[in-house]
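Participant: Pasting in a structure now, in structure tokens, and then I'll have a few things to ask.
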Amino acid sequence: MRWSALPPLNTLLPFEATVRYGSMTAAAQELHVTHGAVSRQVQNLERALGTPLFERQARALRPTPQARQLAAVVRDALDQIDAAARQISDRTPTGPLTLSCEPTLLMRWLIPRLPDLAATVPDVAVHLSAGGGPVYFERDDIDLAIRRDDFPFPEGASRTRLFAERIGPVCRPDLAARLTAADGPSQPALLHTDTRPQAWDDWRRITGLDVAAASQQTLEHFYLTLQAAAAGVGVAIAPYAVVRDDLERGQLVAPFGFVPDGTSYHLLSRRSPEQDERVRRLAAWLRARTSRLGNGPGPV
């Protein structure tokens, strides 16, 4: 037999789900089987491999390092099988598309444009999910994802480039005026975020500029720094895409303009636009609406 070390294939789905959830009950619910059926298949896999895969405690089920390693390989293989099956399937996809988008971009750019999406592509239903980082279509049950290319994308995913990331300091207009006052600039608080801790360093490296700071303040989420900047707390580094509406309304200004940071946003999908009319139309709408986001304005 070519694959003589393969374990029973019917054990792999229950095993992978159990590792992912850390719970046989949750795995059973996902697979629509009983807890006992999942437990038996996991035991069958352990017997086939000759090694325990879980540390069974009173109130916890902890995968061993070997189990996590195997589950990751199983998950990748299932993703590839799923992608191949979708590519050769001649069934016309129906139903809503689930789109995962980085939270700040979702809240500050995409959600305000949902009425336009509904008017322009009325027969394509979209469910939104906030998410960032690596994309797992099958595990997270999503069809598409909007992500910045600062980490590897999944193999086999269809990719549509949307716009280049451009970053720059933003603040309230009255604070910007004080930064460039004729009698000497004031020193603001610089706002940082745990989710992009290198944002200010990246901007300094790219531009060779700096902003003298009276103090530093770090907030947990990126969108909180933008809210603090709009409230006049200090100056934040922001991508043009997520502050464009605030700039147009005059709530924020960009004293030094925006510069490309070398990354771009992409639409990733399980099915290519050529294979799914819903994906094609959504991708076309996104390309049209993001075509200006890669060209942020110059200094105020």
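All residue names refer to the structure tokens as shown: chains lettered A, B, ... in order, residues numbered from 1 in each chain, ligands numbered from 1 in order.
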Just the residues within 7 Å of stretch 219-221 of chain A, please, counting only C-alpha atoms, with nothing from its chain fewer than 2 positions along; format it as a VMD selection string.
Facilitator: chain A and resid 192 to 195 217 223 to 225
Participant: Any chance you can output those residues with N, CA and C atoms as a short mmCIF file (atom, residue, chain, number, x, y, z; two decimals), in the first residue's frame?
Facilitator:
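The new file selection.cif reads:
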data_model
loop_
_atom_site.label_atom_id
_atom_site.label_comp_id
_atom_site.auth_asym_id
_atom_site.auth_seq_id
_atom_site.Cartn_x
_atom_site.Cartn_y
_atom_site.Cartn_z
N HIS A 192 -0.42 55.26 20.70
CA HIS A 192 0.04 53.97 20.20
C HIS A 192 -1.06 52.93 20.40
N THR A 193 -0.92 51.79 19.72
CA THR A 193 -1.87 50.70 19.88
C THR A 193 -1.14 49.37 20.00
N ASP A 194 -1.68 48.49 20.82
CA ASP A 194 -1.07 47.16 20.99
C ASP A 194 -1.13 46.34 19.70
N THR A 195 -2.12 46.62 18.85
CA THR A 195 -2.28 45.79 17.65
C THR A 195 -1.34 46.21 16.51
N GLN A 217 0.92 57.46 24.97
CA GLN A 217 -0.23 56.74 25.52
C GLN A 217 -0.54 55.56 24.61
N TYR A 223 -8.63 50.98 16.64
CA TYR A 223 -9.70 51.95 16.46
C TYR A 223 -9.85 52.87 17.67
N LEU A 224 -9.38 52.43 18.84
CA LEU A 224 -9.44 53.30 20.01
C LEU A 224 -8.48 54.48 19.88
N THR A 225 -7.32 54.26 19.25
CA THR A 225 -6.40 55.37 19.06
C THR A 225 -7.00 56.41 18.12
#
Participant: If you run DSSP over the backbone, which residues in stretch 73-201 of chain A end up alpha helix (DSSP H)? Put them as a VMD selection string.
Facilitator: chain A and resid 73 to 88 103 to 105 114 to 120 137 to 140 173 to 179 199 to 201
Participant: List every residue of stretch 17-205 of chain A that DSSP, applied to the backbone, labels as strand (DSSP E), and write the result as number ranges by chain.
Facilitator: A: 54-56, 61-63, 97-101, 126-130, 144-148, 158-170, 189-193
Participant: Could those residues be written to a file, using C-alpha atoms, as a PDB file, in the first residue's frame?
Facilitator:
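Contents of out09.pdb, as written:
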ATOM      1  CA  PHE A  54      -4.986  14.020  24.604  1.00  0.00           C
ATOM      2  CA  GLU A  55      -4.291  14.590  28.272  1.00  0.00           C
ATOM      3  CA  ARG A  56      -7.631  13.751  29.841  1.00  0.00           C
ATOM      4  CA  LEU A  61      -9.208  17.806  27.349  1.00  0.00           C
ATOM      5  CA  ARG A  62      -5.722  18.982  26.450  1.00  0.00           C
ATOM      6  CA  PRO A  63      -4.192  17.986  23.067  1.00  0.00           C
ATOM      7  CA  LEU A  97     -21.223  35.072   1.312  1.00  0.00           C
ATOM      8  CA  THR A  98     -19.467  35.373   4.645  1.00  0.00           C
ATOM      9  CA  LEU A  99     -16.797  38.073   4.469  1.00  0.00           C
ATOM     10  CA  SER A 100     -14.163  38.430   7.179  1.00  0.00           C
ATOM     11  CA  CYS A 101     -12.545  41.849   7.458  1.00  0.00           C
ATOM     12  CA  VAL A 126     -23.071  39.367   2.498  1.00  0.00           C
ATOM     13  CA  HIS A 127     -22.610  38.384   6.134  1.00  0.00           C
ATOM     14  CA  LEU A 128     -19.792  40.293   7.840  1.00  0.00           C
ATOM     15  CA  SER A 129     -17.347  38.899  10.370  1.00  0.00           C
ATOM     16  CA  ALA A 130     -14.637  40.850  12.189  1.00  0.00           C
ATOM     17  CA  LEU A 144     -13.849  35.649   1.688  1.00  0.00           C
ATOM     18  CA  ALA A 145     -11.447  37.746   3.720  1.00  0.00           C
ATOM     19  CA  ILE A 146      -9.985  41.232   3.377  1.00  0.00           C
ATOM     20  CA  ARG A 147      -6.449  41.174   4.751  1.00  0.00           C
ATOM     21  CA  ARG A 148      -3.217  43.177   4.624  1.00  0.00           C
ATOM     22  CA  SER A 158      -7.792  33.307  -4.928  1.00  0.00           C
ATOM     23  CA  ARG A 159      -6.333  36.780  -4.422  1.00  0.00           C
ATOM     24  CA  THR A 160      -7.585  40.147  -5.692  1.00  0.00           C
ATOM     25  CA  ARG A 161      -5.445  43.175  -4.823  1.00  0.00           C
ATOM     26  CA  LEU A 162      -7.573  46.073  -3.609  1.00  0.00           C
ATOM     27  CA  PHE A 163      -5.332  48.979  -2.575  1.00  0.00           C
ATOM     28  CA  ALA A 164      -1.945  49.948  -1.188  1.00  0.00           C
ATOM     29  CA  GLU A 165      -1.708  50.832   2.481  1.00  0.00           C
ATOM     30  CA  ARG A 166      -0.775  54.487   3.120  1.00  0.00           C
ATOM     31  CA  ILE A 167      -0.112  55.753   6.630  1.00  0.00           C
ATOM     32  CA  GLY A 168       0.357  59.109   8.322  1.00  0.00           C
ATOM     33  CA  PRO A 169      -0.201  61.014  11.584  1.00  0.00           C
ATOM     34  CA  VAL A 170      -3.739  62.295  12.131  1.00  0.00           C
ATOM     35  CA  ALA A 189       0.673  63.067  23.196  1.00  0.00           C
ATOM     36  CA  LEU A 190       1.604  60.315  20.758  1.00  0.00           C
ATOM     37  CA  LEU A 191      -1.042  57.597  20.628  1.00  0.00           C
ATOM     38  CA  HIS A 192       0.036  53.968  20.201  1.00  0.00           C
ATOM     39  CA  THR A 193      -1.868  50.697  19.879  1.00  0.00           C
TER      40      THR A 193
END
